[in-house]
Structure formats: structure tokens, C-alpha cells
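Take a look at the structure below.
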Amino acid sequence: MNNAIHDEPLIQQTVENWAVRRRLILRALPAASLVAMAPATWGQAAYPNRALRVIVPQPAGGGFDFVARALAERLGRSLGQSIVVENKPGSGTLVGTDAAAKADPDGYTLLVGSVSNMALNMGLYDKPSYDSLRDFEAVGLAVSYGYTLMSRKDLPFNSLKDVVTYAKVNPGKLNYASAGNGSGQHVLAAALWHLAGVNLIHVPYRGAQAAYQDLLGARVDLFFDLSSTARVQVNAGTVKPLAVSSTERNPMHPDVPTILESGVAQLDLESWFGYFVPKKTPMDVQERLRIELAKVMAQADLQDTFRKAGGKPLALNPEQTRALVRRDVERWTKLVREIGIKAE
């Protein structure tokens with residue numbers, strides 16, 4: 001009996017210790033479960049936890065900048081973080097695009113990519129500082145713009161076919177303006193004349209505005225420009241529209257045939273714009289960006305904004321996006337090098 005009395009405190013302490021240990025174990029189980037789940041959920045919850053930036057490789061006010069800001073405002077709301085638009089011009093679109101390629105691949109730096117910096121630059125420079133397909137992954141393409149070929153109002157031709165027919169028997173007699181060596185206007189026109197087998201003289205300007213001044217003043221014969229910009233002069237009747245570069249007729253001037261319809265060359269070009277990230281950006285981050293950007297691009301008010309600016313909203317899945325980017329990079333790199341066009 002005395003032994004039982006002496007052992008009672010020891011038994012009580014053992015019971016209390018076990019109860020404490022049991023509570024600790026039960027408390028630890030949820031924490032252990034969370035730790036086990038961390039790789040799948042914490043990363044998603046943590047991204048993004050600070051502001052993002054979108055690099056625009058051209059000055060404010062142009063097509064790159066317009067698309068960047070239209071998307072950034074809405075995507076920022078969708079992600080719950082602000083998105084800062086950073087204009088980084090230089091060497092055409094080379095400087096800003098190179099900066100994006102060298103940025104940390106953490107999902108916090110995006111790039112506005114277009115045919116210009118993703119495709120044309122690969123052919124315009126002998127050793128570009130980045131490789132579009134190796135260094136970048138497309139998040140999504142939002143909108144595309146075609147080009148319109150215009151002639152001075154008094155040029156005695158009413159179709160692209162008439163221009164080519166005349167140029168074949170009168171090489172070097174016609175000229176065409178561009179916004180500068182290596183610009184989209186230059187590359188598209190040079191490719192057209194190359195494929196049509198005719199020789200026209202290139203007259204480069206520093207920007208589209210100067211080219212328009214001489215086109216309206218009848219000092220140059222022809223000029224390709226984005227259809228969204230060209231429509232002002234087309235609607236005013238100060239120039240003659242001869243063809244559009246898109247695969248289908250442009251709703252802004254539906255009576256103007258495509259280059260393909262003219263039969264002079266198998267050529268089309270639509271300058272698409274969208275968001276890209278460095279290639280090594282984590283796949284879960286890329287997927288989050290794709291999902292949120294797709295929601296943004298499906299918004300009716302954004303599509304109306306693009307249409308009013310002369311664009312064609314795009315609705316492509318990731319596979320279609322990758323295929324389009326690869327096709328244009330490979331096609332235009334080859335064609336630009338074949339023609340021998342170089343950037344300034």
C-alpha cells in the first residue's frame with residue numbers, strides 16, 4: 001500500500017508528460033501538412049508579391065507603347081499588383097529587347113514583343129544580342145495590324161498589279177518611301193518588290209511623318225504604312241490605296257484588295273503585339289501570366305479599344321501563339337537576309 005502511495009506522483013507525472021506530448025504532436029500535424037504542400041501552393045500565393053514592369057523597346061506614344069499600356073492597366077488589376085511601363089528605346093527596338101532578355105527570369109519583367117523586334121531584327125543584324133526563340137517565351141499576343149500600300153494621288157495606276165507591270169519594263173523609275181532603313185515599312189516594301197521581281201528606288205526618311213509630307217507633296221510615289229495610320233489619308237482622299245498586307249481585307253477600307261489577291265506575290269504581313277517573358281521564367285509563373293492575360297484580352301472593352309485603333313484582336317491558344325511567332329521569325333529572318341536589308 002505504501003509502494004502504491006509512493007508511486008502515485010510518478011504515474012501522475014508520466015500521464016501529464018504524455019498528454020503534453022500528444023498535444024504537441026497534434027499541433028504539429030497541420031504544420032507538417034502545410035510544409036509538404038508548400039511547393040505546390042506557396043509559390044502561387046506568393047506570386048506576384050510586388051510590382052511588375054513591362055519594357056517597351058520604343059519611345060512613348062507609338063504602337064508598342066499603346067499596346068503595353070492598354071494591357072498593363074488591366075493585367076495589373078487582374079494580378080493584384082501594379083505594372084510599371086518602362087520605355088527603353090535605342091537602336092530601333094534592340095536596346096529594350098536586349099534588356100528584357102537579360103532580366104532576371106522571375107516573372108517580374110515582361111516585354112512588348114512584335115514582328116519588329118522578335119522577327120525582323122533577327123535578319124537585320126548580323127549578330128543580334130538576343131535570339132527571339134531561344135531567349136523568350138510568349139505569354140500571349142493581343143492584337144495585330146496590317147499595312148496599306150498607298151500611292152501619291154496623281155500616280156497613273158489604280159492597282160498594285162498596274163504598278164508592278166509598269167515597273168517591270170521601267171526599272172528604277174518608281175520610288176517608295178519608308179520610315180527608315182530596317183523599319184517595318186521598308187522591310188515589307190522591299191520584300192514585295194523582291195518577290196514581284198521589280199526594281200524600285202528606296203527613299204528612307206526619319207519617321208513616317210516626313211514620308212507622308214513627301215507623299216502628299218508628290219515627291220515620292222509609294223509608301224507602306226500601318227493601316228490604322230494610313231486610314232486618315234485614305235479616308236481624306238489625299239492618297240490612293242492600292243493593297244493591304246493582311247491575309248484578309250481590312251474592315252477600315254474593305255474595297256482595297258490584299259497583296260495575295262493582286263497575284264503579284266505570295267506575301268502577307270500582320271504586325272502582332274503581345275507580352276513576352278525571359279525563357280527561363282518558371283513554368284508555373286508563365287502559366288499564371290497566361291491565364292490572367294487571356295482573361296484581360298477577352299474583355300469586350302479592350303477589344304473595342306483595339307478595333308477603334310485599327311487593330312484586329314487576337315484569340316490564340318498557347319500552341320497557336322508559339323506557332324505564329326516561330327513561323328514569322330523563321331520566315332522573315334530568311335527573307336530579310338535573302339534581300340540583304342540591314343538596319344541603320
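The chains in the C-alpha cells are called A, B, ... from first to last as shown; in each chain the residues are counted from 1, and the ligands are counted from 1 in the order shown.
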
Neighbour list for range 70-85 of chain A as a CSV table (one decimal) with N, CA and C atoms, in the first residue's frame, cut-off 8 Å, only C-alpha atoms, skip fewer than 2 positions in-chain:
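Generated output (around32.csv):
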```csv
chain,number,residue,atom,x,y,z
A,48,PRO,N,2.2,37.3,-57.8
A,48,PRO,CA,3.2,38.3,-57.6
A,48,PRO,C,3.1,39.0,-56.2
A,49,ASN,N,4.1,39.3,-55.6
A,49,ASN,CA,4.1,40.0,-54.3
A,49,ASN,C,4.7,41.3,-54.3
A,50,ARG,N,5.0,41.8,-55.5
A,50,ARG,CA,5.5,43.2,-55.7
A,50,ARG,C,5.1,43.6,-57.1
A,51,ALA,N,5.4,44.9,-57.5
A,51,ALA,CA,5.1,45.4,-58.8
A,51,ALA,C,5.9,44.7,-59.9
A,52,LEU,N,5.3,44.7,-61.1
A,52,LEU,CA,5.9,44.1,-62.3
A,52,LEU,C,6.3,45.3,-63.1
A,53,ARG,N,7.1,45.1,-64.1
A,53,ARG,CA,7.4,46.1,-65.1
A,53,ARG,C,7.3,45.5,-66.5
A,54,VAL,N,6.9,46.3,-67.5
A,54,VAL,CA,6.8,45.9,-68.9
A,54,VAL,C,7.8,46.8,-69.6
A,55,ILE,N,8.7,46.2,-70.3
A,55,ILE,CA,9.7,47.0,-71.1
A,55,ILE,C,9.1,47.2,-72.5
A,56,VAL,N,9.1,48.5,-72.9
A,56,VAL,CA,8.6,48.9,-74.2
A,56,VAL,C,9.9,49.4,-75.0
A,66,PHE,N,1.3,52.0,-76.9
A,66,PHE,CA,-0.2,51.9,-76.9
A,66,PHE,C,-0.6,50.6,-76.4
A,67,VAL,N,-0.1,49.5,-76.9
A,67,VAL,CA,-0.5,48.1,-76.5
A,67,VAL,C,0.0,47.8,-75.1
A,68,ALA,N,1.2,48.3,-74.8
A,68,ALA,CA,1.7,48.0,-73.5
A,68,ALA,C,0.8,48.6,-72.4
A,87,ASN,N,9.6,52.7,-70.9
A,87,ASN,CA,10.1,52.9,-72.2
A,87,ASN,C,11.6,52.8,-72.3
A,292,GLU,N,-4.1,34.9,-66.7
A,292,GLU,CA,-4.6,36.3,-66.4
A,292,GLU,C,-4.6,37.2,-67.6
A,293,LEU,N,-3.6,37.0,-68.5
A,293,LEU,CA,-3.6,37.8,-69.7
A,293,LEU,C,-4.7,37.4,-70.6
A,296,VAL,N,-7.8,39.1,-69.6
A,296,VAL,CA,-7.8,40.5,-70.0
A,296,VAL,C,-8.1,40.7,-71.5
A,297,MET,N,-7.5,39.9,-72.3
A,297,MET,CA,-7.7,40.0,-73.7
A,297,MET,C,-9.1,39.7,-74.2
A,302,LEU,N,-11.6,46.2,-74.1
A,302,LEU,CA,-10.3,46.2,-74.6
A,302,LEU,C,-10.3,45.9,-76.1
```

Just list the residues in range 171-281 of chain A DSSP gives strand (DSSP E) on the backbone, as a ChimeraX atom specification. /A:175-178,201-204,222-226,239-244,270-278

Which residue, A:Lys153, A:Arg134, A:Arg326, A:Lys334, has the smallest gap to Leu242 in chain A when you use only C-alpha atoms? A:Lys153

Please identify all polymer residues within 10 Å of Arg249 in chain A, counting only C-alpha atoms, omitting same-chain residues fewer than 5 positions from it, and present them as a ChimeraX atom specification. /A:146,243-244,254-259,261

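Going from CA of Gly62 in chain A to CA of Ala218 in chain A covers 26.0 Å.
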
Would you kindly return, as a PyMOL selection string, each protein, DNA or RNA residue with an atom no farther than 8 Å from any atom of Val198 in chain A, considering only C-alpha atoms and excluding same-chain residues fewer than 3 positions away? chain A and resi 164+167-168+171+193-195

Selection export as a compact mmCIF listing (two decimals), in the first residue's frame, atoms kept: N, CA and C atoms:
```txt
# COMPACT_ATOMS: atom_id res chain seq x y z
N VAL A 164 3.32 47.04 -110.67
CA VAL A 164 4.32 46.01 -110.97
C VAL A 164 4.52 45.86 -112.47
N ALA A 167 6.63 48.74 -113.54
CA ALA A 167 7.99 48.66 -113.01
C ALA A 167 8.83 47.60 -113.71
N LYS A 168 8.21 46.57 -114.22
CA LYS A 168 8.96 45.51 -114.91
C LYS A 168 9.59 46.01 -116.20
N PRO A 171 12.49 49.70 -114.97
CA PRO A 171 13.19 49.52 -113.70
C PRO A 171 13.82 50.83 -113.20
N TRP A 193 8.68 44.03 -103.54
CA TRP A 193 9.31 44.27 -104.84
C TRP A 193 10.26 43.12 -105.20
N HIS A 194 10.93 42.57 -104.20
CA HIS A 194 11.84 41.44 -104.43
C HIS A 194 11.06 40.24 -104.97
N LEU A 195 9.97 39.89 -104.32
CA LEU A 195 9.19 38.72 -104.74
C LEU A 195 8.48 38.96 -106.07
```
